[in-house]
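Structure below is data01.cif: mmCIF, C-alpha atoms.
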data_query
#
loop_
_atom_site.group_PDB
_atom_site.id
_atom_site.type_symbol
_atom_site.label_atom_id
_atom_site.label_comp_id
_atom_site.auth_asym_id
_atom_site.auth_seq_id
_atom_site.Cartn_x
_atom_site.Cartn_y
_atom_site.Cartn_z
ATOM 1 C CA MET A 1 0.000 0.000 0.000
ATOM 2 C CA ALA A 2 1.358 3.371 -1.040
ATOM 3 C CA HIS A 3 2.385 5.569 1.828
ATOM 4 C CA VAL A 4 1.743 9.284 1.448
ATOM 5 C CA ALA A 5 3.989 11.468 3.552
ATOM 6 C CA VAL A 6 2.280 14.528 5.018
ATOM 7 C CA MET A 7 4.242 17.516 6.282
ATOM 8 C CA GLU A 8 3.516 18.000 9.959
ATOM 9 C CA PRO A 9 4.003 21.511 11.332
ATOM 10 C CA PRO A 10 6.628 21.688 14.119
ATOM 11 C CA VAL A 11 4.116 23.512 16.324
ATOM 12 C CA ALA A 12 0.346 23.645 16.370
ATOM 13 C CA ALA A 13 -1.261 25.963 13.790
ATOM 14 C CA GLU A 14 -1.883 29.476 15.110
ATOM 15 C CA HIS A 15 -4.850 31.804 14.672
ATOM 16 C CA GLY A 16 -2.731 34.463 12.966
ATOM 17 C CA ALA A 17 -4.689 37.565 11.971
ATOM 18 C CA GLY A 18 -7.855 36.100 13.473
ATOM 19 C CA VAL A 19 -9.765 36.016 10.183
ATOM 20 C CA TYR A 20 -10.717 33.248 7.780
ATOM 21 C CA ASN A 21 -8.337 32.331 4.967
ATOM 22 C CA GLU A 22 -10.260 33.913 2.078
ATOM 23 C CA LYS A 23 -10.397 37.271 3.843
ATOM 24 C CA LEU A 24 -6.721 37.128 4.786
ATOM 25 C CA GLY A 25 -5.881 36.207 1.191
ATOM 26 C CA MET A 26 -7.881 39.157 -0.139
ATOM 27 C CA TRP A 27 -6.157 41.598 2.224
ATOM 28 C CA ILE A 28 -2.738 40.327 1.132
ATOM 29 C CA PHE A 29 -3.808 40.623 -2.511
ATOM 30 C CA LEU A 30 -5.015 44.182 -1.854
ATOM 31 C CA GLY A 31 -1.601 44.923 -0.336
ATOM 32 C CA SER A 32 -0.009 43.924 -3.637
ATOM 33 C CA GLU A 33 -2.593 46.038 -5.457
ATOM 34 C CA VAL A 34 -1.560 49.074 -3.403
ATOM 35 C CA MET A 35 1.983 48.618 -4.735
ATOM 36 C CA PHE A 36 0.689 48.080 -8.285
ATOM 37 C CA PHE A 37 -1.206 51.358 -8.317
ATOM 38 C CA THR A 38 1.594 53.140 -6.449
ATOM 39 C CA ALA A 39 3.953 52.181 -9.275
ATOM 40 C CA LEU A 40 1.561 53.733 -11.807
ATOM 41 C CA ILE A 41 0.935 56.829 -9.679
ATOM 42 C CA GLY A 42 4.669 57.166 -8.895
ATOM 43 C CA SER A 43 5.468 57.069 -12.621
ATOM 44 C CA TYR A 44 2.777 59.679 -13.213
ATOM 45 C CA ILE A 45 4.267 61.956 -10.532
ATOM 46 C CA ILE A 46 7.772 61.820 -11.984
ATOM 47 C CA LEU A 47 6.488 62.316 -15.534
ATOM 48 C CA ARG A 48 4.211 65.172 -14.575
ATOM 49 C CA PHE A 49 6.369 67.138 -12.149
ATOM 50 C CA GLY A 50 9.605 66.348 -13.912
ATOM 51 C CA ALA A 51 8.160 67.393 -17.284
ATOM 52 C CA PRO A 52 9.657 70.386 -19.097
ATOM 53 C CA GLY A 53 6.542 72.519 -18.683
ATOM 54 C CA GLU A 54 2.981 72.780 -17.407
ATOM 55 C CA TRP A 55 0.222 70.295 -18.182
ATOM 56 C CA ALA A 56 -3.209 71.274 -19.489
ATOM 57 C CA ARG A 57 -5.421 72.812 -16.778
ATOM 58 C CA PRO A 58 -8.184 70.626 -15.299
ATOM 59 C CA GLY A 59 -11.243 70.496 -17.508
ATOM 60 C CA VAL A 60 -9.490 71.641 -20.703
ATOM 61 C CA VAL A 61 -9.007 68.144 -22.133
ATOM 62 C CA LEU A 62 -10.883 65.884 -19.701
ATOM 63 C CA ASN A 63 -14.587 66.098 -18.986
ATOM 64 C CA VAL A 64 -14.736 66.716 -15.224
ATOM 65 C CA PRO A 65 -18.565 66.871 -14.774
ATOM 66 C CA ILE A 66 -19.124 63.454 -16.369
ATOM 67 C CA THR A 67 -16.260 61.947 -14.363
ATOM 68 C CA ALA A 68 -17.583 63.529 -11.174
ATOM 69 C CA PHE A 69 -20.865 61.787 -11.965
ATOM 70 C CA ASN A 70 -18.944 58.534 -12.474
ATOM 71 C CA THR A 71 -17.247 59.051 -9.101
ATOM 72 C CA PHE A 72 -20.687 59.497 -7.574
ATOM 73 C CA LEU A 73 -21.814 56.239 -9.260
ATOM 74 C CA LEU A 74 -18.880 54.329 -7.792
ATOM 75 C CA ILE A 75 -19.470 55.778 -4.314
ATOM 76 C CA CYS A 76 -23.130 54.708 -4.586
ATOM 77 C CA SER A 77 -22.028 51.220 -5.642
ATOM 78 C CA SER A 78 -19.808 51.012 -2.565
ATOM 79 C CA VAL A 79 -22.795 51.859 -0.367
ATOM 80 C CA SER A 80 -24.977 49.254 -2.091
ATOM 81 C CA MET A 81 -22.157 46.698 -1.658
ATOM 82 C CA VAL A 82 -21.838 47.364 2.050
ATOM 83 C CA LYS A 83 -25.643 47.249 2.373
ATOM 84 C CA ALA A 84 -25.540 43.793 0.717
ATOM 85 C CA TYR A 85 -22.975 42.762 3.324
ATOM 86 C CA ALA A 86 -25.132 44.137 6.147
ATOM 87 C CA ALA A 87 -28.165 42.298 4.697
ATOM 88 C CA VAL A 88 -26.444 38.908 4.611
ATOM 89 C CA VAL A 89 -25.023 39.414 8.120
ATOM 90 C CA ASP A 90 -28.602 40.049 9.262
ATOM 91 C CA GLY A 91 -29.798 36.983 7.308
ATOM 92 C CA ASP A 92 -31.963 39.014 4.907
ATOM 93 C CA GLN A 93 -31.706 37.117 1.595
ATOM 94 C CA GLN A 94 -34.021 39.409 -0.393
ATOM 95 C CA LYS A 95 -32.088 42.550 0.446
ATOM 96 C CA LEU A 96 -28.793 40.766 -0.212
ATOM 97 C CA LYS A 97 -29.881 39.951 -3.775
ATOM 98 C CA LEU A 98 -31.321 43.437 -4.343
ATOM 99 C CA TRP A 99 -28.216 45.301 -3.139
ATOM 100 C CA LEU A 100 -25.866 42.980 -5.041
ATOM 101 C CA LEU A 101 -27.836 43.560 -8.235
ATOM 102 C CA LEU A 102 -27.725 47.337 -7.718
ATOM 103 C CA THR A 103 -23.954 47.126 -7.162
ATOM 104 C CA ILE A 104 -23.515 45.189 -10.413
ATOM 105 C CA LEU A 105 -25.632 47.733 -12.308
ATOM 106 C CA ALA A 106 -23.736 50.702 -10.839
ATOM 107 C CA GLY A 107 -20.367 49.048 -11.562
ATOM 108 C CA ALA A 108 -21.347 48.198 -15.135
ATOM 109 C CA SER A 109 -22.646 51.755 -15.604
ATOM 110 C CA PHE A 110 -19.297 53.111 -14.386
ATOM 111 C CA VAL A 111 -17.490 51.081 -17.063
ATOM 112 C CA GLY A 112 -20.085 52.181 -19.641
ATOM 113 C CA VAL A 113 -19.560 55.862 -18.810
ATOM 114 C CA GLN A 114 -15.790 55.328 -18.985
ATOM 115 C CA VAL A 115 -16.106 53.773 -22.453
ATOM 116 C CA TYR A 116 -18.256 56.758 -23.499
ATOM 117 C CA GLU A 117 -15.629 59.118 -22.041
ATOM 118 C CA TYR A 118 -12.812 57.354 -23.939
ATOM 119 C CA THR A 119 -14.779 57.414 -27.199
ATOM 120 C CA HIS A 120 -15.506 61.114 -26.758
ATOM 121 C CA LEU A 121 -11.864 61.906 -25.926
ATOM 122 C CA VAL A 122 -10.541 59.956 -28.922
ATOM 123 C CA HIS A 123 -13.103 61.719 -31.120
ATOM 124 C CA ARG A 124 -11.807 65.093 -29.881
ATOM 125 C CA GLY A 125 -8.265 63.946 -30.663
ATOM 126 C CA PHE A 126 -6.907 62.875 -27.248
ATOM 127 C CA LEU A 127 -4.959 59.651 -27.843
ATOM 128 C CA PRO A 128 -2.527 57.616 -25.677
ATOM 129 C CA SER A 129 0.210 58.893 -27.982
ATOM 130 C CA GLY A 130 -0.825 62.544 -27.665
ATOM 131 C CA ILE A 131 -3.056 64.931 -29.590
ATOM 132 C CA ARG A 132 -4.156 63.870 -33.100
ATOM 133 C CA GLU A 133 -3.274 66.323 -35.845
ATOM 134 C CA GLY A 134 -6.211 68.197 -37.326
ATOM 135 C CA SER A 135 -8.483 67.422 -34.371
ATOM 136 C CA GLU A 136 -10.457 69.798 -32.147
ATOM 137 C CA LEU A 137 -7.809 69.566 -29.413
ATOM 138 C CA ALA A 138 -4.988 70.177 -31.931
ATOM 139 C CA GLU A 139 -6.451 73.684 -32.374
ATOM 140 C CA LEU A 140 -6.167 74.256 -28.612
ATOM 141 C CA VAL A 141 -2.535 73.132 -28.842
ATOM 142 C CA ALA A 142 -1.990 75.669 -31.641
ATOM 143 C CA GLN A 143 -3.559 78.408 -29.473
ATOM 144 C CA GLY A 144 -1.313 77.414 -26.540
ATOM 145 C CA THR A 145 -4.202 76.351 -24.261
ATOM 146 C CA ILE A 146 -2.803 72.807 -24.199
ATOM 147 C CA PRO A 147 1.004 72.713 -23.773
ATOM 148 C CA GLU A 148 2.451 70.788 -26.707
ATOM 149 C CA ALA A 149 5.552 69.516 -24.873
ATOM 150 C CA THR A 150 3.569 67.475 -22.334
ATOM 151 C CA ALA A 151 0.599 66.374 -24.470
ATOM 152 C CA SER A 152 1.875 62.876 -25.256
ATOM 153 C CA ILE A 153 2.870 61.916 -21.683
ATOM 154 C CA TYR A 154 -0.443 63.348 -20.516
ATOM 155 C CA GLY A 155 -2.243 60.979 -22.900
ATOM 156 C CA SER A 156 -0.212 57.886 -22.063
ATOM 157 C CA THR A 157 -0.373 58.311 -18.255
ATOM 158 C CA PHE A 158 -4.098 59.131 -18.378
ATOM 159 C CA TYR A 159 -5.041 56.039 -20.390
ATOM 160 C CA ILE A 160 -2.702 53.717 -18.462
ATOM 161 C CA MET A 161 -3.989 54.717 -15.020
ATOM 162 C CA THR A 162 -7.691 55.012 -15.793
ATOM 163 C CA GLY A 163 -7.535 51.983 -18.123
ATOM 164 C CA PHE A 164 -6.061 49.706 -15.475
ATOM 165 C CA HIS A 165 -8.609 50.988 -12.988
ATOM 166 C CA GLY A 166 -11.426 50.328 -15.463
ATOM 167 C CA PHE A 167 -10.049 46.820 -15.950
ATOM 168 C CA HIS A 168 -10.239 46.294 -12.175
ATOM 169 C CA VAL A 169 -13.849 47.511 -12.104
ATOM 170 C CA THR A 170 -14.690 45.131 -14.974
ATOM 171 C CA CYS A 171 -13.099 42.201 -13.099
ATOM 172 C CA GLY A 172 -15.080 43.256 -10.023
ATOM 173 C CA VAL A 173 -18.366 43.316 -11.955
ATOM 174 C CA VAL A 174 -17.691 39.849 -13.438
ATOM 175 C CA SER A 175 -16.815 38.443 -9.993
ATOM 176 C CA MET A 176 -19.855 40.131 -8.485
ATOM 177 C CA ILE A 177 -22.126 38.467 -11.062
ATOM 178 C CA TRP A 178 -20.706 35.132 -9.920
ATOM 179 C CA VAL A 179 -21.417 36.025 -6.263
ATOM 180 C CA TYR A 180 -24.915 37.220 -7.242
ATOM 181 C CA LEU A 181 -25.689 33.925 -9.016
ATOM 182 C CA LYS A 182 -24.570 32.034 -5.923
ATOM 183 C CA ALA A 183 -26.733 34.318 -3.759
ATOM 184 C CA LEU A 184 -29.731 33.529 -6.005
ATOM 185 C CA ARG A 185 -29.208 29.843 -5.191
ATOM 186 C CA GLY A 186 -29.104 30.683 -1.470
ATOM 187 C CA GLY A 187 -25.352 30.136 -1.224
ATOM 188 C CA TYR A 188 -24.833 32.683 1.544
ATOM 189 C CA SER A 189 -26.311 32.912 5.003
ATOM 190 C CA ALA A 190 -25.926 34.813 8.269
ATOM 191 C CA THR A 191 -23.473 32.151 9.410
ATOM 192 C CA ASP A 192 -21.408 31.943 6.182
ATOM 193 C CA TYR A 193 -21.119 35.097 4.102
ATOM 194 C CA ARG A 194 -17.448 34.822 3.155
ATOM 195 C CA GLY A 195 -17.893 35.395 -0.592
ATOM 196 C CA VAL A 196 -19.943 38.559 -0.062
ATOM 197 C CA GLU A 197 -17.462 40.029 2.416
ATOM 198 C CA VAL A 198 -14.397 39.213 0.284
ATOM 199 C CA ILE A 199 -15.821 40.624 -2.986
ATOM 200 C CA GLY A 200 -16.922 43.643 -0.935
ATOM 201 C CA LEU A 201 -13.345 44.286 0.221
ATOM 202 C CA TYR A 202 -12.146 44.182 -3.392
ATOM 203 C CA TRP A 203 -14.963 46.464 -4.530
ATOM 204 C CA HIS A 204 -14.340 49.097 -1.845
ATOM 205 C CA PHE A 205 -10.630 49.021 -2.660
ATOM 206 C CA VAL A 206 -11.388 49.750 -6.322
ATOM 207 C CA ASP A 207 -13.588 52.645 -5.152
ATOM 208 C CA LEU A 208 -10.781 53.875 -2.900
ATOM 209 C CA VAL A 209 -8.264 53.829 -5.768
ATOM 210 C CA TRP A 210 -10.700 55.790 -7.943
ATOM 211 C CA ILE A 211 -11.041 58.453 -5.235
ATOM 212 C CA ILE A 212 -7.251 58.975 -5.424
ATOM 213 C CA LEU A 213 -7.127 58.771 -9.238
ATOM 214 C CA PHE A 214 -10.026 61.186 -9.706
ATOM 215 C CA THR A 215 -8.175 63.768 -7.629
ATOM 216 C CA ILE A 216 -4.709 63.437 -9.125
ATOM 217 C CA VAL A 217 -5.712 62.831 -12.758
ATOM 218 C CA TYR A 218 -8.783 65.034 -13.199
ATOM 219 C CA LEU A 219 -8.566 67.784 -10.576
ATOM 220 C CA VAL A 220 -4.865 68.602 -10.160
ATOM 221 C CA MET B 2 -29.845 31.501 16.485
ATOM 222 C CA ASP B 3 -28.103 33.357 19.292
ATOM 223 C CA ASP B 4 -25.859 35.045 16.754
ATOM 224 C CA LEU B 5 -28.860 36.418 14.928
ATOM 225 C CA ALA B 6 -30.447 37.548 18.167
ATOM 226 C CA HIS B 7 -27.326 39.598 18.876
ATOM 227 C CA ARG B 8 -27.123 41.108 15.422
ATOM 228 C CA LYS B 9 -24.147 43.276 14.652
ATOM 229 C CA GLN B 10 -24.802 46.958 15.001
ATOM 230 C CA HIS B 11 -23.982 48.294 11.557
ATOM 231 C CA PRO B 12 -22.457 51.742 11.173
ATOM 232 C CA ASN B 13 -24.621 54.403 9.539
ATOM 233 C CA TYR B 14 -23.525 53.679 5.967
ATOM 234 C CA LEU B 15 -25.795 56.314 4.456
ATOM 235 C CA LEU B 16 -24.130 58.968 6.603
ATOM 236 C CA ILE B 17 -20.719 57.884 5.233
ATOM 237 C CA TRP B 18 -22.197 58.044 1.720
ATOM 238 C CA ALA B 19 -23.385 61.608 2.440
ATOM 239 C CA TYR B 20 -19.883 62.553 3.666
ATOM 240 C CA LEU B 21 -18.306 61.115 0.507
ATOM 241 C CA PHE B 22 -20.838 62.876 -1.706
ATOM 242 C CA ILE B 23 -20.311 66.264 -0.044
ATOM 243 C CA LEU B 24 -16.511 65.884 0.012
ATOM 244 C CA THR B 25 -16.539 65.094 -3.736
ATOM 245 C CA ILE B 26 -18.540 68.274 -4.443
ATOM 246 C CA VAL B 27 -16.141 70.289 -2.264
ATOM 247 C CA GLU B 28 -13.174 68.747 -4.119
ATOM 248 C CA VAL B 29 -14.502 69.678 -7.566
ATOM 249 C CA ALA B 30 -15.374 73.192 -6.338
ATOM 250 C CA VAL B 31 -11.902 73.668 -4.804
ATOM 251 C CA ALA B 32 -10.187 72.426 -7.994
ATOM 252 C CA PHE B 33 -11.835 75.132 -10.066
ATOM 253 C CA LEU B 34 -11.132 78.014 -7.670
ATOM 254 C CA SER B 35 -8.306 79.472 -9.710
ATOM 255 C CA HIS B 36 -7.261 82.159 -7.209
ATOM 256 C CA ILE B 37 -5.959 79.612 -4.679
ATOM 257 C CA PRO B 38 -2.135 79.288 -4.802
ATOM 258 C CA ARG B 39 -1.171 76.109 -6.674
ATOM 259 C CA ASN B 40 0.647 74.397 -3.783
ATOM 260 C CA LEU B 41 -2.199 75.108 -1.360
ATOM 261 C CA LEU B 42 -4.680 73.762 -3.909
ATOM 262 C CA LEU B 43 -2.633 70.589 -4.282
ATOM 263 C CA LEU B 44 -2.445 70.149 -0.513
ATOM 264 C CA ALA B 45 -6.191 70.727 -0.076
ATOM 265 C CA LEU B 46 -7.108 68.245 -2.830
ATOM 266 C CA VAL B 47 -4.773 65.537 -1.504
ATOM 267 C CA PHE B 48 -6.114 66.099 2.010
ATOM 268 C CA LEU B 49 -9.729 65.709 0.803
ATOM 269 C CA ALA B 50 -8.864 62.581 -1.224
ATOM 270 C CA VAL B 51 -7.097 60.961 1.755
ATOM 271 C CA TRP B 52 -10.064 61.860 3.967
ATOM 272 C CA LYS B 53 -12.466 60.155 1.553
ATOM 273 C CA ALA B 54 -10.197 57.117 1.129
ATOM 274 C CA GLY B 55 -9.952 56.872 4.935
ATOM 275 C CA LEU B 56 -13.744 56.858 5.283
ATOM 276 C CA VAL B 57 -14.026 54.026 2.728
ATOM 277 C CA ALA B 58 -11.288 51.965 4.409
ATOM 278 C CA LEU B 59 -12.523 52.516 7.979
ATOM 279 C CA PHE B 60 -16.268 52.099 7.494
ATOM 280 C CA PHE B 61 -16.942 50.258 4.208
ATOM 281 C CA MET B 62 -13.947 47.930 4.550
ATOM 282 C CA HIS B 63 -14.615 47.776 8.305
ATOM 283 C CA LEU B 64 -11.009 48.423 9.356
ATOM 284 C CA LYS B 65 -12.358 50.490 12.255
ATOM 285 C CA PHE B 66 -13.927 47.344 13.665
ATOM 286 C CA GLU B 67 -11.199 44.804 12.813
ATOM 287 C CA SER B 68 -8.477 43.433 15.085
ATOM 288 C CA ASN B 69 -5.193 45.302 15.396
ATOM 289 C CA ARG B 70 -3.375 42.467 13.634
ATOM 290 C CA LEU B 71 -5.494 42.854 10.516
ATOM 291 C CA ARG B 72 -5.197 46.648 10.640
ATOM 292 C CA ILE B 73 -1.400 46.335 10.719
ATOM 293 C CA LEU B 74 -1.549 43.916 7.801
ATOM 294 C CA ALA B 75 -3.747 46.318 5.830
ATOM 295 C CA ALA B 76 -1.538 49.323 6.618
ATOM 296 C CA ALA B 77 1.737 47.482 5.891
ATOM 297 C CA PRO B 78 2.013 48.489 2.200
ATOM 298 C CA LEU B 79 1.348 52.185 2.928
ATOM 299 C CA PRO B 80 4.868 53.071 4.200
ATOM 300 C CA LEU B 81 6.295 51.080 1.276
ATOM 301 C CA ALA B 82 4.108 53.040 -1.145
ATOM 302 C CA LEU B 83 5.252 56.286 0.503
ATOM 303 C CA ILE B 84 8.910 55.261 0.207
ATOM 304 C CA LEU B 85 8.401 54.431 -3.472
ATOM 305 C CA VAL B 86 6.758 57.787 -4.235
ATOM 306 C CA LEU B 87 9.338 59.757 -2.201
ATOM 307 C CA ALA B 88 12.183 57.897 -3.900
ATOM 308 C CA VAL B 89 10.672 58.745 -7.268
ATOM 309 C CA ILE B 90 10.316 62.431 -6.291
ATOM 310 C CA THR B 91 14.038 62.597 -5.410
ATOM 311 C CA GLU B 92 14.707 61.867 -9.084
ATOM 312 C CA PHE B 93 13.855 65.424 -10.004
ATOM 313 C CA ARG B 94 13.573 67.443 -6.790
ATOM 314 C CA TRP B 95 16.957 66.963 -5.118
#
Rewrite the structure from the file as structure tokens, please.
Amino acid sequence: MAHVAVMEPPVAAEHGAGVYNEKLGMWIFLGSEVMFFTALIGSYIILRFGAPGEWARPGVVLNVPITAFNTFLLICSSVSMVKAYAAVVDGDQQKLKLWLLLTILAGASFVGVQVYEYTHLVHRGFLPSGIREGSELAELVAQGTIPEATASIYGSTFYIMTGFHGFHVTCGVVSMIWVYLKALRGGYSATDYRGVEVIGLYWHFVDLVWIILFTIVYLV
Amino acid sequence: MDDLAHRKQHPNYLLIWAYLFILTIVEVAVAFLSHIPRNLLLLALVFLAVWKAGLVALFFMHLKFESNRLRILAAAPLPLALILVLAVITEFRW
């Protein structure tokens, strides 16, 4: 009979952070995500403040009102997410499903508005490589409203940072749909709501990153 | 069912939402006040963003109610992120 050797720990397993494995794993993952976005933001800082000239003023190239609305959408989705968590903790299945669905809709709307924003910006001539010749924004470059020297790094840093964030929101929406389908089958209860709490942590983190990005990309 | 009988007292999430909403409006308003000196504007905007991020982390991610061990774990990358950004700034400031 085959003998399978099992590694025995030298001491008994400890409680560690005092949370279940999935939650601990998500927090560690979020720690790595902090460094991921810091690398992008750090690159942006050096490119922006080390650039040989000013960048376009807020609102000249980017559409601040529509992005402020998108920020509002994401904040609302964070509230609906945390309400879903509160509902499952209280054992309220109907509210759990309702709040999860609202979170999915708000998250998907955020991505939709971002796609609209990108389409509009590209149409006006704002590309990852800079300002397109002959476009509406190229005229502003000619007038000196948009500094020519920094236009291309402005485009590349903008699309990299907001694009990666949008990708995170998309991943969150897809994961949330999975959690929602499980909730429809009654997969969560007041005694086991791990999936809802863990996807919630990810979702709030994505909201938190957007709060920082909105300020440094759109308002500064 | 004892656990359900002693339901968790949830924070007032709608109040946090209201804070975030108002702070976002203040942020946008501050950003377009052109007579504020640039450095002060930058400081004010970063302060407001950190305030909002703190509210999300403390109340929506429940760090305010977690154990100290988990809080330390969650805060661990922050000094590293700060070091990275400061190191990058030295590239062109000093």
**Item:** Within 8 Å of region 31-39 of chain B using all atoms listed in the file, minus same-chain residues under 4 positions, as a list in words
**Value:**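 Selected residues are Pro58, Leu219 and Val220 of chain A; Val27, Leu43, Ala45 and Leu46 of chain B.
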**Prompt:** Got a sec: who's within 7 Å of region 66-76 of chain B, counting only C-alpha atoms, leaving out chain neighbours fewer than 2 positions off, as a ChimeraX atom specification?
**Reply:** /A:17,27,31 /B:63-64,78-79
**Message:** Which residues are close to region 126-139 of chain A, i.e. within 8 Å by all atoms listed in the file, leaving aside same-chain residues fewer than 4 positions away? Reply as a ChimeraX atom specification.
**Reply:** /A:61,121-122,143,146,151-159
Check which residues satisfy the PyMOL selection byres ((chain B) within 7 of (chain A)) in the file shown, then give them as a short mmCIF file (atom, residue, chain, number, x, y, z; two decimals) with C-alpha atoms, keeping the file's coordinate frame.
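Result saved to out34.cif:
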data_model
loop_
_atom_site.label_atom_id
_atom_site.label_comp_id
_atom_site.auth_asym_id
_atom_site.auth_seq_id
_atom_site.Cartn_x
_atom_site.Cartn_y
_atom_site.Cartn_z
CA LEU B 5 -28.86 36.42 14.93
CA ARG B 8 -27.12 41.11 15.42
CA HIS B 11 -23.98 48.29 11.56
CA TYR B 14 -23.52 53.68 5.97
CA TRP B 18 -22.20 58.04 1.72
CA PHE B 22 -20.84 62.88 -1.71
CA VAL B 29 -14.50 69.68 -7.57
CA ALA B 32 -10.19 72.43 -7.99
CA LEU B 43 -2.63 70.59 -4.28
CA LEU B 46 -7.11 68.24 -2.83
CA ALA B 50 -8.86 62.58 -1.22
CA ALA B 54 -10.20 57.12 1.13
CA VAL B 57 -14.03 54.03 2.73
CA PHE B 61 -16.94 50.26 4.21
CA MET B 62 -13.95 47.93 4.55
CA ARG B 70 -3.38 42.47 13.63
CA LEU B 71 -5.49 42.85 10.52
CA ALA B 75 -3.75 46.32 5.83
CA PRO B 78 2.01 48.49 2.20
CA ALA B 82 4.11 53.04 -1.14
CA VAL B 86 6.76 57.79 -4.24
CA VAL B 89 10.67 58.74 -7.27
CA ILE B 90 10.32 62.43 -6.29
CA PHE B 93 13.86 65.42 -10.00
#
**Request:** Can you work out the spacing between CA of Asp92 (chain A) and CA of Leu56 (chain B) in Å, to one decimal?
**Result:** 25.5 Å
**Prompt:** In Å to one decimal, how far is CA of Gly125 (chain A) from CA of Ala149 (chain A)?
**Reply:**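 So the answer is 16.0 Å.
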**Message:** What does the structure give for the distance between CA of Ile177 (chain A) and CA of Leu100 (chain A), in Å to one decimal?
**Reply:**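 Rounded to one decimal, the two atoms are 8.4 Å apart.
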Would you compute, for all listed atoms of region 140-146 of chain A, the axis-aligned bounding box grown by 3 Å on each side, and then report its centre and edge lengths in Å rounded to one decimal, as AutoDock Vina command-line options?
--center_x -3.7 --center_y 75.6 --center_z -27.9 --size_x 10.9 --size_y 11.6 --size_z 13.4
**Complete:** Counting all atoms listed in the file, closest pick from A:Thr150, A:Arg124, A:Leu140, A:Leu184 relative to Gly53 (chain A) is A:Thr150
